[in-house]
$ cat upload07.txt   # compact mmCIF, C-alpha atoms and all ligand atoms
# COMPACT_ATOMS: atom_id res chain seq x y z
CA MET A 1 43.27 -34.00 -18.59
CA PHE A 2 40.55 -31.85 -20.12
CA ASN A 3 38.76 -31.80 -16.85
CA ASN A 4 40.65 -29.05 -15.06
CA GLY A 5 38.13 -26.42 -14.11
CA TRP A 6 35.57 -27.89 -16.38
CA ARG A 7 32.12 -28.49 -15.07
CA LYS A 8 29.15 -30.10 -16.60
CA PRO A 9 26.84 -27.49 -18.12
CA SER A 10 24.08 -28.64 -15.84
CA ASP A 11 26.19 -27.74 -12.77
CA VAL A 12 26.79 -24.26 -14.03
CA MET A 13 23.13 -23.88 -14.72
CA ALA A 14 22.19 -25.16 -11.29
CA ASN A 15 24.58 -22.70 -9.70
CA TYR A 16 23.08 -19.52 -10.93
CA LEU A 17 19.62 -20.83 -10.27
CA ASP A 18 20.51 -21.82 -6.70
CA ARG A 19 18.75 -18.85 -5.24
CA ILE A 20 15.40 -19.72 -6.71
CA GLY A 21 13.17 -21.08 -4.03
CA ALA A 22 15.87 -20.62 -1.42
CA GLY A 23 13.51 -18.37 0.51
CA TRP A 24 15.81 -17.29 3.30
CA ILE A 25 13.73 -14.26 3.96
CA LEU A 26 10.62 -14.79 1.88
CA ALA A 27 8.32 -17.56 3.08
CA ASN A 28 5.06 -16.86 1.20
CA PRO A 29 5.59 -14.94 -2.04
CA GLU A 30 1.86 -14.74 -2.79
CA VAL A 31 1.49 -12.28 0.08
CA PHE A 32 3.23 -9.74 -2.14
CA ASP A 33 1.19 -10.43 -5.26
CA PHE A 34 -0.48 -7.33 -6.53
CA ASP A 35 -3.93 -8.90 -6.44
CA TYR A 36 -3.51 -10.55 -3.03
CA ILE A 37 -6.51 -9.86 -0.84
CA PRO A 38 -5.55 -9.66 2.82
CA GLN A 39 -7.38 -11.86 5.32
CA GLU A 40 -8.08 -8.71 7.28
CA MET A 41 -8.02 -5.01 6.61
CA VAL A 42 -5.85 -3.56 9.33
CA GLY A 43 -6.72 -0.28 11.00
CA ARG A 44 -9.78 0.47 8.90
CA GLU A 45 -12.52 -0.57 11.31
CA ASP A 46 -14.21 2.81 11.01
CA VAL A 47 -14.71 2.74 7.23
CA GLN A 48 -15.55 -0.96 7.36
CA LYS A 49 -18.34 -0.19 9.82
CA GLU A 50 -19.49 2.71 7.73
CA LEU A 51 -19.68 0.52 4.65
CA ALA A 52 -21.49 -2.26 6.52
CA SER A 53 -24.04 0.25 7.76
CA LYS A 54 -25.12 0.92 4.17
CA PHE A 55 -26.02 -2.75 3.89
CA ALA A 56 -27.88 -3.07 7.17
CA THR A 57 -30.93 -4.65 5.49
CA LEU A 58 -29.06 -7.16 3.39
CA HIS A 59 -30.08 -10.13 5.56
CA ALA A 60 -33.74 -9.51 4.68
CA PRO A 61 -35.20 -11.06 1.51
CA GLU A 62 -35.76 -7.69 -0.16
CA GLY A 63 -32.85 -5.79 1.29
CA ALA A 64 -30.23 -4.08 -0.85
CA GLY A 65 -27.59 -1.41 -0.40
CA ARG A 66 -25.65 1.25 -2.24
CA ALA A 67 -22.34 2.86 -1.59
CA VAL A 68 -19.86 5.14 -3.29
CA ILE A 69 -16.29 4.78 -2.03
CA THR A 70 -13.79 7.49 -2.91
CA GLY A 71 -10.30 8.23 -1.68
CA PRO A 72 -6.73 8.82 -2.80
CA VAL A 73 -4.53 6.28 -4.55
CA GLY A 74 -3.60 3.28 -2.43
CA SER A 75 -5.95 4.14 0.40
CA GLY A 76 -7.43 0.64 0.38
CA LYS A 77 -10.67 1.26 -1.56
CA THR A 78 -10.44 -1.88 -3.67
CA ALA A 79 -9.34 -4.00 -0.73
CA LEU A 80 -12.20 -2.56 1.33
CA ALA A 81 -14.80 -3.47 -1.30
CA ARG A 82 -13.34 -6.92 -1.93
CA THR A 83 -13.02 -7.93 1.70
CA PHE A 84 -16.51 -6.61 2.39
CA CYS A 85 -18.04 -8.74 -0.38
CA ARG A 86 -16.11 -11.78 0.79
CA ASP A 87 -17.01 -11.30 4.44
CA ILE A 88 -20.69 -10.50 3.95
CA GLN A 89 -21.22 -13.66 1.90
CA ARG A 90 -19.85 -15.74 4.74
CA HIS A 91 -21.66 -13.76 7.37
CA LEU A 92 -25.07 -14.21 5.75
CA SER A 93 -24.46 -17.70 4.40
CA ASN A 94 -27.35 -19.27 6.28
CA LYS A 95 -29.73 -16.36 5.76
CA ARG A 96 -29.43 -15.34 2.15
CA LYS A 97 -27.43 -16.33 -0.86
CA ILE A 98 -25.21 -13.44 -1.85
CA ARG A 99 -23.02 -13.29 -4.90
CA SER A 100 -20.67 -10.55 -5.86
CA VAL A 101 -18.96 -9.40 -9.02
CA HIS A 102 -16.03 -7.04 -8.99
CA VAL A 103 -15.51 -5.30 -12.33
CA ASN A 104 -12.54 -3.05 -12.91
CA CYS A 105 -13.78 -0.47 -15.37
CA ARG A 106 -10.27 0.41 -16.44
CA ASN A 107 -10.29 -2.88 -18.35
CA ALA A 108 -13.98 -2.83 -19.17
CA SER A 109 -14.53 0.79 -19.91
CA THR A 110 -17.84 0.80 -21.75
CA SER A 111 -21.17 -0.03 -20.18
CA MET A 112 -21.55 -2.89 -22.67
CA ARG A 113 -18.25 -4.44 -21.59
CA VAL A 114 -19.19 -4.03 -17.95
CA VAL A 115 -22.47 -5.91 -18.35
CA GLN A 116 -20.71 -8.61 -20.37
CA ARG A 117 -18.20 -9.03 -17.56
CA ILE A 118 -20.93 -9.33 -14.96
CA LEU A 119 -22.76 -11.96 -17.00
CA HIS A 120 -19.56 -13.80 -17.70
CA GLU A 121 -18.83 -14.05 -13.97
CA LEU A 122 -22.30 -15.28 -13.11
CA ALA A 123 -22.74 -17.67 -16.02
CA PRO A 124 -19.37 -18.38 -17.62
CA GLY A 125 -20.85 -20.01 -20.75
CA HIS A 126 -23.40 -17.31 -21.40
CA PRO A 127 -23.31 -16.06 -25.00
CA ASP A 128 -23.01 -12.30 -25.15
CA ARG A 129 -21.95 -11.55 -28.69
CA GLY A 130 -24.51 -9.79 -30.76
CA LEU A 131 -26.84 -9.18 -27.84
CA SER A 132 -28.12 -5.70 -27.18
CA MET A 133 -27.81 -3.96 -23.85
CA GLY A 134 -31.47 -4.61 -23.13
CA GLU A 135 -31.08 -8.30 -23.87
CA LEU A 136 -27.99 -8.58 -21.70
CA LEU A 137 -29.76 -6.94 -18.79
CA MET A 138 -32.73 -9.25 -19.29
CA SER A 139 -30.42 -12.27 -19.11
CA LEU A 140 -28.87 -10.88 -15.96
CA ARG A 141 -32.30 -10.48 -14.40
CA ARG A 142 -33.29 -13.99 -15.39
CA ILE A 143 -30.18 -15.57 -13.94
CA LEU A 144 -30.58 -13.80 -10.64
CA ARG A 145 -34.25 -14.75 -10.44
CA LYS A 146 -33.52 -18.36 -11.14
CA GLU A 147 -30.80 -18.57 -8.55
CA THR A 148 -32.73 -16.52 -6.02
CA SER A 149 -29.50 -14.88 -5.10
CA HIS A 150 -28.70 -11.31 -4.33
CA LEU A 151 -25.96 -9.74 -6.39
CA ILE A 152 -23.50 -7.12 -5.22
CA VAL A 153 -21.95 -5.38 -8.20
CA VAL A 154 -18.74 -3.49 -7.52
CA LEU A 155 -17.75 -1.09 -10.27
CA ASP A 156 -14.16 -0.25 -9.46
CA GLU A 157 -12.44 2.74 -11.08
CA VAL A 158 -15.91 3.56 -12.32
CA ASP A 159 -14.79 6.93 -13.68
CA HIS A 160 -13.41 5.10 -16.74
CA MET A 161 -16.84 3.81 -17.65
CA LEU A 162 -18.60 7.06 -16.83
CA ARG A 163 -16.29 8.92 -19.15
CA ARG A 164 -16.83 6.55 -22.04
CA SER A 165 -20.47 5.61 -21.65
CA GLY A 166 -22.05 8.01 -19.18
CA ASP A 167 -24.06 6.95 -16.16
CA ASP A 168 -26.96 5.25 -17.87
CA LEU A 169 -25.96 1.74 -16.84
CA LEU A 170 -25.99 2.71 -13.17
CA TYR A 171 -29.68 3.54 -13.40
CA GLN A 172 -30.45 0.44 -15.37
CA LEU A 173 -28.82 -1.67 -12.71
CA LEU A 174 -30.56 0.15 -9.90
CA ARG A 175 -33.89 -0.35 -11.69
CA ILE A 176 -33.31 -3.99 -12.44
CA ASP A 177 -36.31 -5.01 -10.36
CA GLU A 178 -38.75 -2.78 -12.16
CA ASP A 179 -41.55 -4.55 -13.98
CA GLN A 180 -40.84 -7.59 -11.85
CA ASN A 181 -42.51 -8.84 -8.75
CA GLY A 182 -39.30 -8.94 -6.77
CA LYS A 183 -37.31 -6.34 -4.92
CA GLY A 184 -33.79 -6.05 -3.67
CA THR A 185 -32.14 -8.15 -6.36
CA LEU A 186 -29.06 -6.03 -6.66
CA SER A 187 -26.70 -3.87 -4.62
CA LEU A 188 -24.24 -1.45 -6.13
CA ILE A 189 -20.87 -0.26 -4.91
CA LEU A 190 -19.01 2.36 -6.91
CA VAL A 191 -15.32 2.94 -6.32
CA SER A 192 -13.22 5.80 -7.60
CA GLN A 193 -10.19 7.87 -6.80
CA GLU A 194 -11.00 11.22 -5.35
CA GLN A 195 -9.07 13.19 -7.94
CA VAL A 196 -11.38 12.02 -10.71
CA LEU A 197 -14.50 12.72 -8.75
CA ASP A 198 -15.57 15.46 -11.13
CA VAL A 199 -17.13 12.97 -13.51
CA LEU A 200 -18.93 11.31 -10.66
CA GLU A 201 -19.98 14.53 -9.12
CA THR A 202 -23.43 15.62 -8.06
CA ALA A 203 -25.62 13.61 -10.41
CA VAL A 204 -24.21 10.17 -9.70
CA ILE A 205 -23.58 10.66 -6.03
CA SER A 206 -26.96 12.20 -5.42
CA ARG A 207 -28.64 9.37 -7.31
CA MET A 208 -26.75 6.86 -5.20
CA GLY A 209 -27.72 8.87 -2.11
CA SER A 210 -25.20 11.38 -0.81
CA THR A 211 -25.33 9.75 2.62
CA ASN A 212 -23.98 6.63 0.94
CA HIS A 213 -20.78 8.40 0.01
CA ILE A 214 -17.83 7.02 1.99
CA ARG A 215 -14.62 8.98 1.88
CA VAL A 216 -11.49 7.03 2.63
CA LYS A 217 -8.45 8.89 3.94
CA PRO A 218 -4.81 8.38 2.98
CA TYR A 219 -2.87 6.20 5.42
CA THR A 220 -0.86 7.74 8.24
CA VAL A 221 2.60 6.41 9.05
CA GLU A 222 1.06 4.24 11.79
CA GLY A 223 -1.46 2.79 9.34
CA LEU A 224 1.30 2.01 6.85
CA GLU A 225 3.39 0.42 9.58
CA ALA A 226 0.47 -1.82 10.55
CA ILE A 227 0.04 -2.92 6.92
CA ALA A 228 3.77 -3.62 6.55
CA ASN A 229 3.58 -5.59 9.77
CA GLN A 230 0.70 -7.69 8.49
CA ARG A 231 2.53 -8.53 5.24
CA ALA A 232 5.80 -9.25 7.04
CA THR A 233 4.08 -11.54 9.55
CA GLN A 234 2.29 -13.46 6.81
CA GLY A 235 4.96 -13.40 4.14
CA LEU A 236 8.40 -13.51 5.74
CA VAL A 237 10.45 -16.03 7.64
CA HIS A 238 10.18 -15.49 11.37
CA GLY A 239 13.08 -13.50 12.78
CA THR A 240 14.14 -11.88 9.51
CA TRP A 241 12.64 -8.49 10.28
CA THR A 242 12.12 -6.14 13.19
CA THR A 243 9.45 -3.58 13.99
CA GLU A 244 12.16 -0.89 13.69
CA ILE A 245 12.91 -1.75 10.07
CA LEU A 246 9.18 -1.80 9.24
CA ARG A 247 8.85 1.58 10.87
CA LEU A 248 11.60 2.94 8.64
CA ILE A 249 9.88 1.53 5.56
CA ALA A 250 6.58 3.07 6.67
CA GLU A 251 8.30 6.43 7.14
CA LYS A 252 9.69 6.17 3.63
CA ALA A 253 6.21 5.56 2.24
CA ALA A 254 4.48 8.08 4.50
CA PRO A 255 4.58 11.15 2.20
CA THR A 256 2.31 9.28 -0.23
CA GLY A 257 -0.09 7.73 2.32
CA ASP A 258 -0.26 4.87 -0.19
CA ALA A 259 -0.51 1.29 1.08
CA ARG A 260 0.68 -0.10 -2.24
CA ARG A 261 3.88 1.86 -1.83
CA VAL A 262 4.70 0.48 1.61
CA ILE A 263 4.10 -3.06 0.34
CA GLU A 264 6.29 -2.41 -2.71
CA LEU A 265 9.07 -1.02 -0.56
CA LEU A 266 8.92 -4.01 1.74
CA ASN A 267 8.92 -6.37 -1.21
CA ALA A 268 11.90 -4.60 -2.80
CA ALA A 269 13.79 -4.74 0.50
CA VAL A 270 13.08 -8.46 0.77
CA GLU A 271 14.31 -9.07 -2.78
CA ARG A 272 17.45 -7.13 -2.16
CA CYS A 273 18.07 -8.93 1.12
CA GLU A 274 17.56 -12.35 -0.51
CA PHE A 275 19.89 -11.31 -3.31
CA ARG A 276 22.80 -10.39 -1.07
CA GLN A 277 22.63 -13.52 1.05
CA ASP A 278 25.65 -15.76 1.33
CA GLU A 279 26.89 -18.04 4.10
CA HIS A 280 28.11 -15.11 6.18
CA SER A 281 25.31 -12.61 5.95
CA GLU A 282 22.80 -12.01 8.64
CA ARG A 283 19.39 -13.29 7.56
CA ARG A 284 17.64 -10.07 8.37
CA LEU A 285 16.35 -6.96 6.59
CA ALA A 286 18.87 -4.17 7.11
CA VAL A 287 18.87 -0.41 6.58
CA GLU A 288 20.67 -0.71 3.24
CA ASP A 289 17.98 -3.07 1.91
CA ILE A 290 15.25 -0.49 2.09
CA HIS A 291 16.95 2.02 -0.17
CA VAL A 292 16.69 0.09 -3.38
CA PRO A 293 15.24 2.42 -5.98
CA LEU A 294 11.82 1.37 -7.21
CA ASN A 295 10.98 1.55 -10.90
CA ASN A 296 8.25 4.06 -10.28
CA GLU A 297 10.27 6.17 -7.85
CA PRO A 298 9.68 9.89 -8.38
CA ALA A 299 12.97 11.27 -9.68
CA SER A 300 13.05 13.97 -7.02
CA GLN A 301 13.35 11.47 -4.20
CA GLY A 302 16.10 9.27 -2.92
CA SER A 303 19.24 10.06 -4.84
CA ASN A 304 19.45 13.85 -4.66
CA LEU A 305 22.39 13.92 -2.33
CA GLU A 306 23.27 17.49 -3.40
CA HIS A 307 20.33 18.56 -1.32
CA ILE A 308 22.73 18.90 1.64
CA ASP A 309 25.53 20.78 -0.09
CA ASP A 310 24.47 24.18 1.19
CA LEU A 311 24.51 23.25 4.88
CA ASN A 312 27.06 25.08 7.00
CA SER A 313 30.01 23.08 8.18
CA ASN A 314 28.79 22.71 11.77
CA ALA A 315 25.46 21.37 10.63
CA MET A 316 27.35 18.98 8.39
CA LEU A 317 29.26 17.61 11.37
CA VAL A 318 25.99 16.95 13.21
CA LEU A 319 24.50 15.30 10.15
CA LEU A 320 27.58 13.16 9.71
CA ALA A 321 27.17 11.92 13.29
CA LEU A 322 23.58 10.95 12.45
CA CYS A 323 24.52 9.21 9.22
CA ARG A 324 27.18 7.09 10.85
CA ARG A 325 24.79 5.68 13.40
CA LEU A 326 21.86 5.34 10.98
CA THR A 327 23.97 3.29 8.60
CA LYS A 328 23.75 0.51 11.17
CA GLU A 329 20.58 1.27 13.09
CA GLU A 330 17.07 2.17 11.95
CA SER A 331 16.74 5.04 14.42
CA MET A 332 18.58 6.88 17.18
CA THR A 333 17.72 9.20 20.06
CA THR A 334 18.71 12.83 20.44
CA GLY A 335 20.97 11.68 23.28
CA ASP A 336 22.85 9.46 20.82
CA VAL A 337 23.26 12.43 18.49
CA GLU A 338 25.10 14.52 21.06
CA GLN A 339 27.43 11.67 21.96
CA LEU A 340 28.33 10.86 18.38
CA TYR A 341 28.57 14.52 17.45
CA ALA A 342 31.24 14.90 20.14
CA VAL A 343 33.22 12.10 18.52
CA VAL A 344 32.92 13.67 15.06
CA CYS A 345 34.03 17.09 16.41
CA GLU A 346 37.09 15.47 17.91
CA GLU A 347 37.89 13.79 14.63
CA TYR A 348 37.67 17.07 12.72
CA GLU A 349 39.21 19.07 15.58
CA GLN A 350 36.27 21.42 15.80
CA LYS A 351 34.65 22.98 18.83
CA MET A 352 31.20 21.57 19.62
CA LYS A 353 28.19 23.82 19.18
CA SER A 354 25.75 24.27 22.05
CA HIS A 355 22.89 21.93 22.77
CA THR A 356 20.39 24.52 21.49
CA THR A 357 22.24 24.95 18.21
CA VAL A 358 22.41 21.21 17.63
CA TRP A 359 18.69 21.04 18.32
CA LYS A 360 18.12 23.83 15.78
CA TYR A 361 20.07 21.90 13.16
CA LEU A 362 17.97 18.81 13.81
CA LYS A 363 14.76 20.80 13.33
CA ASN A 364 16.14 22.14 10.09
CA PHE A 365 17.06 18.64 8.86
CA GLU A 366 13.53 17.57 9.60
CA GLU A 367 11.98 20.50 7.77
CA ARG A 368 14.10 19.64 4.75
CA GLN A 369 12.97 16.02 5.05
CA ILE A 370 16.50 14.75 5.51
CA ILE A 371 15.40 13.11 8.74
CA THR A 372 12.11 12.16 10.36
CA SER A 373 11.40 12.37 14.06
CA ARG A 374 8.97 10.53 16.24
CA VAL A 375 8.28 11.00 19.91
CA ALA A 376 7.83 7.77 21.81
CA THR A 377 6.98 7.13 25.41
CA ILE A 378 9.66 5.03 27.05
CA THR A 379 8.44 1.62 28.08
CA GLY A 380 7.80 1.78 31.77
CA GLY A 381 5.98 5.05 31.33
CA ARG A 382 8.48 7.69 32.48
CA GLY A 383 9.52 10.35 30.04
CA ARG A 384 9.44 10.64 26.28
CA THR A 385 12.25 10.14 23.82
CA THR A 386 12.62 11.54 20.33
CA HIS A 387 13.67 8.96 17.77
CA LEU A 388 15.33 10.15 14.60
CA SER A 389 15.53 8.21 11.36
CA MET A 390 16.48 8.78 7.72
CA PRO A 391 13.86 7.13 5.51
CA HIS A 392 14.58 9.02 2.28
CA TYR A 393 18.35 8.67 2.04
CA LEU A 394 20.84 5.90 2.34
CA PRO A 395 22.85 7.14 5.35
CA LYS A 396 26.03 5.56 4.02
CA ASP A 397 25.86 7.57 0.76
CA LEU A 398 25.05 10.77 2.57
CA ALA A 399 27.99 10.17 4.94
CA SER A 400 30.40 9.76 2.00
CA ARG A 401 29.20 12.99 0.46
CA LEU A 402 29.52 14.84 3.79
CA GLU A 403 33.04 13.53 4.28
CA MET A 404 33.95 14.72 0.79
CA LEU A 405 32.45 18.17 1.42
CA LEU A 406 34.03 18.48 4.86
CA ARG A 407 37.46 17.67 3.46
CA LYS A 408 37.21 20.88 1.45
CA LYS A 409 36.16 22.91 4.46
CA PHE A 410 38.68 21.91 7.11
N1 LIG B 501 -6.06 -1.73 5.67
C1 LIG B 501 -5.35 -2.58 4.91
N2 LIG B 501 -4.93 -3.75 5.42
C2 LIG B 501 -4.21 -4.59 4.67
N3 LIG B 501 -3.86 -4.36 3.40
C3 LIG B 501 -4.25 -3.21 2.84
C4 LIG B 501 -5.02 -2.27 3.56
N4 LIG B 501 -5.28 -1.22 2.75
C5 LIG B 501 -4.69 -1.48 1.58
N5 LIG B 501 -4.08 -2.68 1.61
C6 LIG B 501 -3.32 -3.27 0.52
O1 LIG B 501 -2.63 -2.22 -0.14
C7 LIG B 501 -2.69 -2.35 -1.55
C8 LIG B 501 -3.38 -1.15 -2.14
O2 LIG B 501 -4.72 -1.10 -1.72
P1 LIG B 501 -5.94 -0.94 -2.73
O3 LIG B 501 -5.62 -1.58 -4.02
O4 LIG B 501 -7.17 -1.35 -2.04
O5 LIG B 501 -5.91 0.64 -2.91
P2 LIG B 501 -6.90 1.56 -3.77
O6 LIG B 501 -7.39 2.64 -2.86
O7 LIG B 501 -7.90 0.70 -4.45
O8 LIG B 501 -5.87 2.18 -4.81
P3 LIG B 501 -6.19 2.76 -6.30
O9 LIG B 501 -6.76 4.13 -6.09
O10 LIG B 501 -4.86 2.83 -6.95
O11 LIG B 501 -7.13 1.82 -6.97
C9 LIG B 501 -3.41 -3.65 -1.79
O12 LIG B 501 -2.45 -4.67 -1.93
C10 LIG B 501 -4.21 -3.88 -0.54
O13 LIG B 501 -4.42 -5.25 -0.31
MG MG B 502 -8.23 0.28 -6.45

$ encode --input "upload07.txt" --output "structure tokens" --more "lines below"
Ligand SMILES: Nc1ncnc2c1ncn2[C@@H]1O[C@H](COP(=O)(O)OP(=O)(O)OP(=O)(O)O)[C@@H](O)[C@H]1O
Ligand SMILES: [Mg+2]
Amino acid sequence: MFNNGWRKPSDVMANYLDRIGAGWILANPEVFDFDYIPQEMVGREDVQKELASKFATLHAPEGAGRAVITGPVGSGKTALARTFCRDIQRHLSNKRKIRSVHVNCRNASTSMRVVQRILHELAPGHPDRGLSMGELLMSLRRILRKETSHLIVVLDEVDHMLRRSGDDLLYQLLRIDEDQNGKGTLSLILVSQEQVLDVLETAVISRMGSTNHIRVKPYTVEGLEAIANQRATQGLVHGTWTTEILRLIAEKAAPTGDARRVIELLNAAVERCEFRQDEHSERRLAVEDIHVPLNNEPASQGSNLEHIDDLNSNAMLVLLALCRRLTKEESMTTGDVEQLYAVVCEEYEQKMKSHTTVWKYLKNFEERQIITSRVATITGGRGRTTHLSMPHYLPKDLASRLEMLLRKKF
């Protein structure tokens, strides 16, 4: 009699936790961890080769290398250095014992802390308290001698250390072999964002050898798409995503050229897609999933729907046609636009504008970053089609606003 509608607390608990581990979309969560190191760097063969060329003598007993890697945020500098150290150790495994230490100088921002970190990595039990810089460096030298291994030190975000402690440690490390019989004990890779290069400037780079300076470029939309593709292939359930949806995500991240952003957007889309799953939903990333606001989203992007309020009413009709299709599909062709525009004109009982005018509107939408266009060669080779997409707005929201504005006009 008390049992009507009553469930054991454990059932209730189990219910809201049902989703955990369900993994309808997400197969390997670790692929989206912030410190995940990809098996392969995609689309960066040129910089990888350039970096390897600075270490051309590393196989030889006395060989060592130096490199300074700079580039904008999220351009893959850290991943480049990490994968290089990992790969070179394997590559030379039967020629020379290579060890590497990757220190992020944001967390270890004085030269003392940096050397302590290096020692700690090489000899976890090594006491470092109370030791002077000279003593720490001597220990480092001793350990490397004893192990007869070559050490690659990566100082990531090195500008933090340079600002606090100057560049003295760099020279100490580069001179680690002095007064010894050996040579080539240590290689050094410095990594920094380009914007903070001032501290690194001239002195450091020239000491490291200006030919050893590798500049990494921001990612293009194709590069971002390839990275999204790699993460989706490794991290998601087969069949839950399409290349079109990844393209749209890449287009959304493109203004930043930042690989971290495209991965974040993909991850957020996956979370949102998992969240909305029930028995009836399609187990696939959809357009609406990619418009979840990110915590670190610049306020100017994404939700500023008023951006379209000053369009003239004919342009609004064209844009409405676009929005309606792009609510369901990731992209559409200019041919689709004309067809759907005709339908919208009929609905609002307006005369259609000419082909040229419609084309002018589309150009204008693109300039205002309401849409993005991409020219693709049709499979089979004949002709080229322009694909339009809307990476920075949720088409459904824009459509509602247009409908509201158009109601006032007609
Ligand atoms: N070519 C690539 N292939 C696969 N993954 C990549 C590639 N480039 C970057 N990534 C991934 O993108 C994310 C950002 O890259 P990374 O941390 O190397 O950027 P960064 O240039 O060091 O950025 P910051 O300036 O903020 O330190 C990482 O998760 C990294 O694994
Ligand atoms: Mg980095």

$ atom_distance --input "upload07.txt" --atom1 "atom CA of A:Leu186" --atom2 "atom CA of A:Leu162"
19.6 Å

$ closest_atom_pairs --input "upload07.txt" --of "chain A" --to "ligand MG 502 (chain B)" --cutoff "8 Å" --atoms "all atoms listed in the file" --output "Markdown table"
| residue | atom | partner | partner_atom | distance |
| --- | --- | --- | --- | --- |
| A:Val73 | CA | B:MG502 | MG | 7.3 |
| A:Gly74 | CA | B:MG502 | MG | 6.8 |
| A:Gly76 | CA | B:MG502 | MG | 6.9 |
| A:Lys77 | CA | B:MG502 | MG | 5.6 |
| A:Thr78 | CA | B:MG502 | MG | 4.2 |
| A:Ala79 | CA | B:MG502 | MG | 7.2 |
| A:Asp156 | CA | B:MG502 | MG | 6.7 |
| A:Glu157 | CA | B:MG502 | MG | 6.7 |
| A:Val191 | CA | B:MG502 | MG | 7.6 |
| A:Ser192 | CA | B:MG502 | MG | 7.5 |
| A:Gln193 | CA | B:MG502 | MG | 7.8 |

$ residues_near_ligand --input "upload07.txt" --ligand "ligand LIG 501 (chain B)" --cutoff "9 Å" --atoms "all atoms listed in the file" --output "PyMOL selection string"
chain A and resi 31-45+70-82+156-157+191-194+216+218-219+223-224+226-228+230-231+258-263

$ residues_around --input "upload07.txt" --residues "A:Ile214" --least-positions-apart "6" --cutoff "8 Å" --atoms "only C-alpha atoms" --output "MDAnalysis selection string"
chainID A and resid 47 50:51 67:70

$ atom_distance --input "upload07.txt" --atom1 "atom CA of A:Ser100" --atom2 "atom CA of A:Ser149"
9.9 Å

$ atom_distance --input "upload07.txt" --atom1 "atom CA of A:Val237" --atom2 "atom CA of A:Val292"
20.5 Å

$ residues_near_point --input "upload07.txt" --point "(32.3, 17.9, 4.4)" --cutoff "12 Å" --atoms "all atoms listed in the file" --output "compact mmCIF listing (two decimals) with C-alpha atoms, in the coordinates of the input"
# COMPACT_ATOMS: atom_id res chain seq x y z
CA GLU A 306 23.27 17.49 -3.40
CA ILE A 308 22.73 18.90 1.64
CA ASP A 309 25.53 20.78 -0.09
CA ASP A 310 24.47 24.18 1.19
CA LEU A 311 24.51 23.25 4.88
CA ASN A 312 27.06 25.08 7.00
CA SER A 313 30.01 23.08 8.18
CA ASN A 314 28.79 22.71 11.77
CA ALA A 315 25.46 21.37 10.63
CA MET A 316 27.35 18.98 8.39
CA LEU A 317 29.26 17.61 11.37
CA VAL A 318 25.99 16.95 13.21
CA LEU A 319 24.50 15.30 10.15
CA LEU A 320 27.58 13.16 9.71
CA ALA A 321 27.17 11.92 13.29
CA VAL A 344 32.92 13.67 15.06
CA TYR A 348 37.67 17.07 12.72
CA LEU A 398 25.05 10.77 2.57
CA ALA A 399 27.99 10.17 4.94
CA SER A 400 30.40 9.76 2.00
CA ARG A 401 29.20 12.99 0.46
CA LEU A 402 29.52 14.84 3.79
CA GLU A 403 33.04 13.53 4.28
CA MET A 404 33.95 14.72 0.79
CA LEU A 405 32.45 18.17 1.42
CA LEU A 406 34.03 18.48 4.86
CA ARG A 407 37.46 17.67 3.46
CA LYS A 408 37.21 20.88 1.45
CA LYS A 409 36.16 22.91 4.46
CA PHE A 410 38.68 21.91 7.11

$ closest_residue --input "upload07.txt" --among "A:Val101, A:Ala27, A:Ile290, A:Ala232" --to "A:Ala268" --atoms "all atoms listed in the file"
A:Ile290

$ residues_around --input "upload07.txt" --residues "A:His59" --least-positions-apart "2" --cutoff "10 Å" --atoms "all atoms listed in the file" --output "MDAnalysis selection string"
chainID A and resid 55:57 61:64 88 91:98

$ write_last_selection --input "upload07.txt" --atoms "C-alpha atoms" --output "PDB file, in the frame of the given file"
ATOM      1  CA  PHE A  55     -26.020  -2.750   3.890  1.00  0.00           C
ATOM      2  CA  ALA A  56     -27.880  -3.070   7.170  1.00  0.00           C
ATOM      3  CA  THR A  57     -30.930  -4.650   5.490  1.00  0.00           C
ATOM      4  CA  PRO A  61     -35.200 -11.060   1.510  1.00  0.00           C
ATOM      5  CA  GLU A  62     -35.760  -7.690  -0.160  1.00  0.00           C
ATOM      6  CA  GLY A  63     -32.850  -5.790   1.290  1.00  0.00           C
ATOM      7  CA  ALA A  64     -30.230  -4.080  -0.850  1.00  0.00           C
ATOM      8  CA  ILE A  88     -20.690 -10.500   3.950  1.00  0.00           C
ATOM      9  CA  HIS A  91     -21.660 -13.760   7.370  1.00  0.00           C
ATOM     10  CA  LEU A  92     -25.070 -14.210   5.750  1.00  0.00           C
ATOM     11  CA  SER A  93     -24.460 -17.700   4.400  1.00  0.00           C
ATOM     12  CA  ASN A  94     -27.350 -19.270   6.280  1.00  0.00           C
ATOM     13  CA  LYS A  95     -29.730 -16.360   5.760  1.00  0.00           C
ATOM     14  CA  ARG A  96     -29.430 -15.340   2.150  1.00  0.00           C
ATOM     15  CA  LYS A  97     -27.430 -16.330  -0.860  1.00  0.00           C
ATOM     16  CA  ILE A  98     -25.210 -13.440  -1.850  1.00  0.00           C
TER      17      ILE A  98
END
